[in-house]
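Just below is one structure, and these are the notes that go with it.
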Amino acid sequence: MESARDIMEYDVAIVGAGPAGLACAIRLKQLKPELDVCVLEKGAEPGAHLLSGAILEPAALDELLPEWRREFTATCVAASTDRFVLLTKKRSIPMPLPPQMNNHGNFIVSLNQLGAWLAEKAEALGVDVFPGFAGDGLLYDPDDRVIGVRVGDMGRLADGSPGPNFTAGVDVHCRLTVLAEGCHGSLAKRLIAKFSLDRDCDPQTYGLGFKELWQLADGRGKPGHILHSVGWPLDGSVYGGSFVYHLDRDQVYVGFVIGLDYRDPEFAPFEAFQQFKHHPMMRKLLAGAELVSAGARAIVEGGWQSMPHLETPGAMLVGDAGGMLNVPKIKGIHMALRSGMLAAQHFVERGDSQGFDARFRHSPTGVELKKVRNIRPGFNKGFWAGLANAALETVTAGRLPYTLRNHADHSALQKLDEYKSPQRDWVKRELPPRDRLASVYFSATDHDENQPVHLHVADTDICVTRCAEEFGNPCTRFCPVGVYEIVSDDAGKRLQINAANCIHCKACDIKDPYGIIDWVPPEGGSGPNYHGL
């Protein structure tokens with residue numbers, strides 16, 4: 001016998017304890033302390049699922065919490081020097097630093113630690129923060145106004161039946177629901193589809209970002225030094241590049257971002273990142289170093305022209321859930337903070353969501369996105385054409401009288417008989433992790449093996465028939481942790497889903513060429529634990 005669902009009542013319910021959601025919660029309580037506000041977070045603790053480069057432009061946080069500079073004592077290193085290079089297989093060629101990538105006055109932070117600190121500040125103001133509460137669906141009234149969030153059950157067995165420790169989820173009723181789930185959030189995806197909030201914009205386009213924390217050999221770190229690279233191991237048809245951010249105590253963040261609009265069905269993003277670490281420049285840095293932790297997540301790259309409508313009666317989209325990331329800057333934390341703060345101010349002043357979309361687009365943050373709208377899609381015609389376009393857009397400050405279009409990433413993937421993979425001549429690698437399964441260990445991912453699979457494939461027959469023939473099962477390559485596997489048994493070939501490996505990057509929901517994979521939240525508290533990333 002299943003337990004009845006309890007109901008909790010709030011003025012505002014925020015889904016996602018990232019910078020956008022927590023900034024919204026904090027600002028709501030600052031402006032109107034009597035509001036009842038809660039934040040629902042699917043991770044086991046605030047910050048557990050947060051992963052970003054992450055370089056912080058501090059102005060937004062200065063405005064929200066001026067005390068942060070003296071109170072935030074976790075990873076926070078002032079940027080000191082910037083370097084931008086073009087890599088060939090054996091060389092690194094210095095390049096002029098794009099002005100958007102000048103980090104003077106910025107800070108290298110751990111978004112995981114910043115999120116945990118913001119949650120503490122929110123709770124101190126009276127916000128109820130609920131980790132382990134995964135949003136399972138949105139609640140609507142008869143007029144299709146959003147009236148809250150349904151939180152998923154706990155303790156179901158793999159077949160969906162209640163287990164011995166089953167606990168029914170709760171329904172959170174509220175006047176306003178703020179979706180701050182981050183990139184390609186499951187509730188935001190459903191809301192956008194239900195109300196066609198993307199009818200007047202281009203398809204969203206994404207990148208897949210990898211990040212690792214390394215402990216270097218003594219004396220090898222350069223606190224505050226920031227390095228970005230383009231080029232090898234990517235060919236000119238694949239958008240992407242690296243980041244290397246030096247912390248204190250001889251630690252360094254090493255990362256790689258790859259545009260998910262690549263065409264090659266045999267391309268493996270995880271392998272490209274591992275190859276980058278074996279460039280002579282990186283081998284020298286990482287000699288004698290130890291890998292501490294690792295993770296991966298999708299990143300919104302579509303910008304201004306791919307932002308959906310940011311409001312519907314009873315709900316708003318903020319942060320990455322609304323497509324707010326400045327790709328040329330490689331920064332989104334300040335935009336997440338600003339959008340969350342603006343949503344709070346809008347609700348306090350208006351009492352509803354109406355008008356938030358226009359307000360954001362005309363805000364300084366919206367204008368910032370519009371100015372750089374043509375830089376990322378300029379690379380759709382290749383690397384050098386993209387660089388030339390980026391220079392033109394920078395010189396003209398985004399005032400050219402046109403907007404380049406974006407396309408859906410899954411539509412870019414070509415079939416095996418239509419595309420000849422280039423000879424990449426990648427090197428033999430030795431640095432950890434040795435393979436994708438090993439990287440799961442470094443992400444501290446934890447799922448109960450007995451819980452229902454949270455990766456829904458609408459028609460698995462396609463996987464062993466059409467997809468195998470046409471694309472060679474690209475899910476077995478684009479997933480960074482080996483969730484998808486084609487195995488053979490007595491019944492023949494079949495798709496095996498290793499859901500316990502999933503680190504919630506959502507690349508499968510984005511890149512699947514048939515659109516039959518649906519990522520939904522697993523049981524609350526499951527997933528990666530990105531301590532220090």
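Note on naming: chains are A, B, ... as they come in the structure tokens, residues start from 1 per chain, ligands start from 1 in the order shown.
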Quick one: contact table of range 104-201 of chain A to range 3-7 of chain A, 9 Å max, nearest atom pair and distance in Å to one decimal per residue, counting only C-alpha atoms, chain and number order, as JSON lines?
```
{"residue": "A:Phe166", "atom": "CA", "partner": "A:Ser3", "partner_atom": "CA", "distance": 8.5}
{"residue": "A:Thr167", "atom": "CA", "partner": "A:Ser3", "partner_atom": "CA", "distance": 7.0}
{"residue": "A:Ala168", "atom": "CA", "partner": "A:Ser3", "partner_atom": "CA", "distance": 5.8}
{"residue": "A:Gly169", "atom": "CA", "partner": "A:Arg5", "partner_atom": "CA", "distance": 6.0}
{"residue": "A:Val170", "atom": "CA", "partner": "A:Asp6", "partner_atom": "CA", "distance": 4.9}
{"residue": "A:Asp171", "atom": "CA", "partner": "A:Ile7", "partner_atom": "CA", "distance": 4.8}
{"residue": "A:Val172", "atom": "CA", "partner": "A:Ile7", "partner_atom": "CA", "distance": 5.8}
{"residue": "A:His173", "atom": "CA", "partner": "A:Ile7", "partner_atom": "CA", "distance": 7.0}
```
N, CA and C atoms of the current selection, written as a PDB file, in the first residue's frame:
```pdb
ATOM      1  N   PHE A 166      10.035   2.280   0.835  1.00  0.00           N
ATOM      2  CA  PHE A 166       9.385   3.262  -0.029  1.00  0.00           C
ATOM      3  C   PHE A 166       8.841   4.447   0.763  1.00  0.00           C
ATOM      4  N   THR A 167       9.064   5.637   0.227  1.00  0.00           N
ATOM      5  CA  THR A 167       8.487   6.860   0.782  1.00  0.00           C
ATOM      6  C   THR A 167       7.912   7.676  -0.358  1.00  0.00           C
ATOM      7  N   ALA A 168       6.647   8.018  -0.272  1.00  0.00           N
ATOM      8  CA  ALA A 168       6.029   8.808  -1.325  1.00  0.00           C
ATOM      9  C   ALA A 168       6.598  10.212  -1.344  1.00  0.00           C
ATOM     10  N   GLY A 169       6.715  10.778  -2.538  1.00  0.00           N
ATOM     11  CA  GLY A 169       7.171  12.149  -2.658  1.00  0.00           C
ATOM     12  C   GLY A 169       6.111  13.120  -2.177  1.00  0.00           C
ATOM     13  N   VAL A 170       6.393  14.392  -2.323  1.00  0.00           N
ATOM     14  CA  VAL A 170       5.460  15.427  -1.883  1.00  0.00           C
ATOM     15  C   VAL A 170       5.101  16.318  -3.058  1.00  0.00           C
ATOM     16  N   ASP A 171       3.987  17.011  -2.934  1.00  0.00           N
ATOM     17  CA  ASP A 171       3.600  18.049  -3.883  1.00  0.00           C
ATOM     18  C   ASP A 171       3.847  19.399  -3.225  1.00  0.00           C
ATOM     19  N   VAL A 172       4.607  20.227  -3.883  1.00  0.00           N
ATOM     20  CA  VAL A 172       4.894  21.564  -3.385  1.00  0.00           C
ATOM     21  C   VAL A 172       4.021  22.550  -4.144  1.00  0.00           C
ATOM     22  N   HIS A 173       3.108  23.180  -3.470  1.00  0.00           N
ATOM     23  CA  HIS A 173       2.219  24.155  -4.078  1.00  0.00           C
ATOM     24  C   HIS A 173       2.765  25.560  -3.826  1.00  0.00           C
TER      25      HIS A 173
END
```
Exercise for the section: Just the residues within 7 Å of range 506-509 of chain A, please, counting only C-alpha atoms, with nothing from its chain fewer than 4 positions along; format it as a ChimeraX atom specification. Expected result: /A:208,298,475,479,517-519
Selected residues written out with C-alpha atoms, as a compact mmCIF listing (two decimals), in the first residue's frame:
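Below is the file result33.txt, written as the result:
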```txt
# COMPACT_ATOMS: atom_id res chain seq x y z
CA LEU A 208 30.02 18.83 -23.57
CA ALA A 298 26.48 19.65 -20.99
CA CYS A 475 25.65 6.71 -27.95
CA CYS A 479 28.40 9.27 -23.47
CA ILE A 517 16.41 9.02 -25.33
CA ASP A 518 14.70 10.87 -22.49
CA TRP A 519 16.77 11.69 -19.40
```
Handout entry: 9 Å contact set for range 403-414 of chain A, only C-alpha atoms, chain neighbours under 3 positions out, as a ChimeraX atom specification
Key = /A:202-206,259-265,302,305-306,373-378,380,400,417-419,470-471,510-515
Practice task
Have a look at A:Arg350, A:Arg91, A:Lys428, A:Arg338 and name the one nearest to Ala20 in chain A; count only C-alpha atoms.
Solution key: A:Arg338
If you count only C-alpha atoms, which residues fall within 9 Å of Lys329 in chain A, apart from same-chain ones fewer than 5 positions away, as a JSON list (two decimals) with N, CA and C atoms, in the first residue's frame?
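Resulting contents of out_4.json:
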```json
[["chain", "number", "residue", "atom", "x", "y", "z"],
["A", 98, "PRO", "N", 41.72, 37.05, -27.04],
["A", 98, "PRO", "CA", 40.45, 37.74, -27.32],
["A", 98, "PRO", "C", 40.05, 38.60, -26.14],
["A", 99, "PRO", "N", 39.57, 39.81, -26.38],
["A", 99, "PRO", "CA", 39.25, 40.70, -25.26],
["A", 99, "PRO", "C", 38.21, 40.13, -24.31],
["A", 100, "GLN", "N", 37.29, 39.31, -24.82],
["A", 100, "GLN", "CA", 36.27, 38.73, -23.93],
["A", 100, "GLN", "C", 36.89, 37.78, -22.91],
["A", 101, "MET", "N", 38.10, 37.28, -23.20],
["A", 101, "MET", "CA", 38.73, 36.30, -22.32],
["A", 101, "MET", "C", 39.74, 36.93, -21.36],
["A", 102, "ASN", "N", 39.76, 38.25, -21.30],
["A", 102, "ASN", "CA", 40.63, 38.94, -20.33],
["A", 102, "ASN", "C", 40.02, 38.79, -18.94]]
```
Practice task
Would you please give, as a count of residues only, all residues of range 83-120 of chain A that DSSP assigns to strand (DSSP E or B) based on the backbone?
Solution key: 11
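Using only C-alpha atoms for every distance, the candidate list A:Cys24, A:Glu41, A:Ser353, A:Met341 yields A:Ser353 as the residue closest to Val146 in chain A.
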Exercise for the section: Please identify all polymer residues within 8 Å of Leu495 in chain A, counting only C-alpha atoms, omitting same-chain residues fewer than 4 positions from it, and present them as a PyMOL selection string. Expected result: chain A and resi 460+463-464+484-487
Handout entry: Shell of 9 Å around Gly319 in chain A, only C-alpha atoms, local chain residues under 2 positions omitted, as a list in words
Key = Gly18, Pro19, Ala20, Gly21, Leu179, Ala180, Glu181, Gly182, Cys183, Leu317, Ala321, Gly322, Gly323, Met324, Leu325, Gly332, Ile333, Met335, Ala336, Leu337, Arg338, Ser339 and Gly340 of chain A
Exercise for the section: Enter the distance from CA of Asp446 in chain A to CA of Ala500 in chain A, in Å, rounded to one decimal. Expected result: 7.0 Å
Compile the contact shell of Arg399 in chain A as a compact mmCIF listing (two decimals) with N, CA and C atoms, in the first residue's frame: residues with an atom at most 12 Å away, counting only C-alpha atoms, same-chain residues fewer than 5 positions apart removed.
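Contents of the output file result_32.txt:
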```txt
# COMPACT_ATOMS: atom_id res chain seq x y z
N VAL A 367 21.37 42.23 -22.79
CA VAL A 367 22.11 42.98 -23.80
C VAL A 367 23.49 42.37 -24.01
N GLU A 368 24.12 41.92 -22.93
CA GLU A 368 25.43 41.27 -23.04
C GLU A 368 25.36 40.04 -23.94
N LYS A 370 23.10 39.46 -26.29
CA LYS A 370 22.79 39.85 -27.66
C LYS A 370 24.04 40.32 -28.41
N LYS A 371 24.93 41.01 -27.73
CA LYS A 371 26.14 41.54 -28.38
C LYS A 371 27.02 40.43 -28.94
N VAL A 372 27.01 39.27 -28.32
CA VAL A 372 27.92 38.19 -28.75
C VAL A 372 27.17 37.08 -29.48
N ARG A 373 25.95 37.35 -29.92
CA ARG A 373 25.07 36.31 -30.47
C ARG A 373 25.64 35.60 -31.69
N ASN A 374 26.50 36.28 -32.46
CA ASN A 374 26.96 35.70 -33.73
C ASN A 374 28.32 35.00 -33.63
N LEU A 392 35.49 40.06 -36.33
CA LEU A 392 34.58 41.07 -36.87
C LEU A 392 33.50 41.44 -35.86
N GLU A 393 32.92 40.45 -35.22
CA GLU A 393 31.88 40.71 -34.23
C GLU A 393 32.42 41.48 -33.03
N THR A 394 33.65 41.21 -32.66
CA THR A 394 34.25 41.91 -31.53
C THR A 394 34.49 43.38 -31.87
```
Handout entry: Among the residues A:Ala17, A:Leu111, A:Met95, A:Val77, the one that comes closest to Val127 in chain A [using only C-alpha atoms]
Key = A:Ala17
If you run DSSP on the backbone, which residues of range 47-223 of chain A are alpha helix (DSSP H), as a PDB file with C-alpha atoms, in the first residue's frame?
```pdb
ATOM      1  CA  ALA A  59      30.176  42.195  -9.702  1.00  0.00           C
ATOM      2  CA  ALA A  60      26.889  40.265  -9.409  1.00  0.00           C
ATOM      3  CA  LEU A  61      27.989  38.469  -6.243  1.00  0.00           C
ATOM      4  CA  ASP A  62      29.307  41.748  -4.832  1.00  0.00           C
ATOM      5  CA  GLU A  63      25.811  43.165  -5.248  1.00  0.00           C
ATOM      6  CA  LEU A  64      24.008  40.130  -3.850  1.00  0.00           C
ATOM      7  CA  TRP A  68      31.430  37.134   0.211  1.00  0.00           C
ATOM      8  CA  ARG A  69      34.993  38.366  -0.302  1.00  0.00           C
ATOM      9  CA  ARG A  70      35.813  37.957   3.389  1.00  0.00           C
ATOM     10  CA  GLU A  71      33.447  35.082   4.271  1.00  0.00           C
ATOM     11  CA  LEU A 111      31.241  26.148  -8.203  1.00  0.00           C
ATOM     12  CA  ASN A 112      30.526  23.129  -6.017  1.00  0.00           C
ATOM     13  CA  GLN A 113      31.856  24.969  -2.969  1.00  0.00           C
ATOM     14  CA  LEU A 114      30.285  28.280  -3.947  1.00  0.00           C
ATOM     15  CA  GLY A 115      26.899  26.584  -4.269  1.00  0.00           C
ATOM     16  CA  ALA A 116      27.214  25.032  -0.809  1.00  0.00           C
ATOM     17  CA  TRP A 117      28.112  28.443   0.668  1.00  0.00           C
ATOM     18  CA  LEU A 118      25.213  30.191  -1.094  1.00  0.00           C
ATOM     19  CA  ALA A 119      22.855  27.539   0.308  1.00  0.00           C
ATOM     20  CA  GLU A 120      24.077  28.337   3.823  1.00  0.00           C
ATOM     21  CA  LYS A 121      23.447  32.035   3.239  1.00  0.00           C
ATOM     22  CA  ALA A 122      19.957  31.277   1.920  1.00  0.00           C
ATOM     23  CA  GLU A 123      19.108  29.136   4.933  1.00  0.00           C
ATOM     24  CA  ALA A 124      20.345  31.848   7.283  1.00  0.00           C
ATOM     25  CA  SER A 186      14.062  17.890 -17.324  1.00  0.00           C
ATOM     26  CA  LEU A 187      11.242  20.085 -15.998  1.00  0.00           C
ATOM     27  CA  ALA A 188      12.286  23.015 -18.179  1.00  0.00           C
ATOM     28  CA  LYS A 189      12.324  20.716 -21.201  1.00  0.00           C
ATOM     29  CA  ARG A 190       8.751  19.627 -20.503  1.00  0.00           C
ATOM     30  CA  LEU A 191       7.552  23.156 -19.793  1.00  0.00           C
ATOM     31  CA  ILE A 192       9.108  24.471 -23.007  1.00  0.00           C
ATOM     32  CA  ALA A 193       7.489  21.666 -25.017  1.00  0.00           C
ATOM     33  CA  LYS A 194       4.059  21.994 -23.371  1.00  0.00           C
ATOM     34  CA  PHE A 195       3.739  25.713 -24.105  1.00  0.00           C
TER      35      PHE A 195
END
```
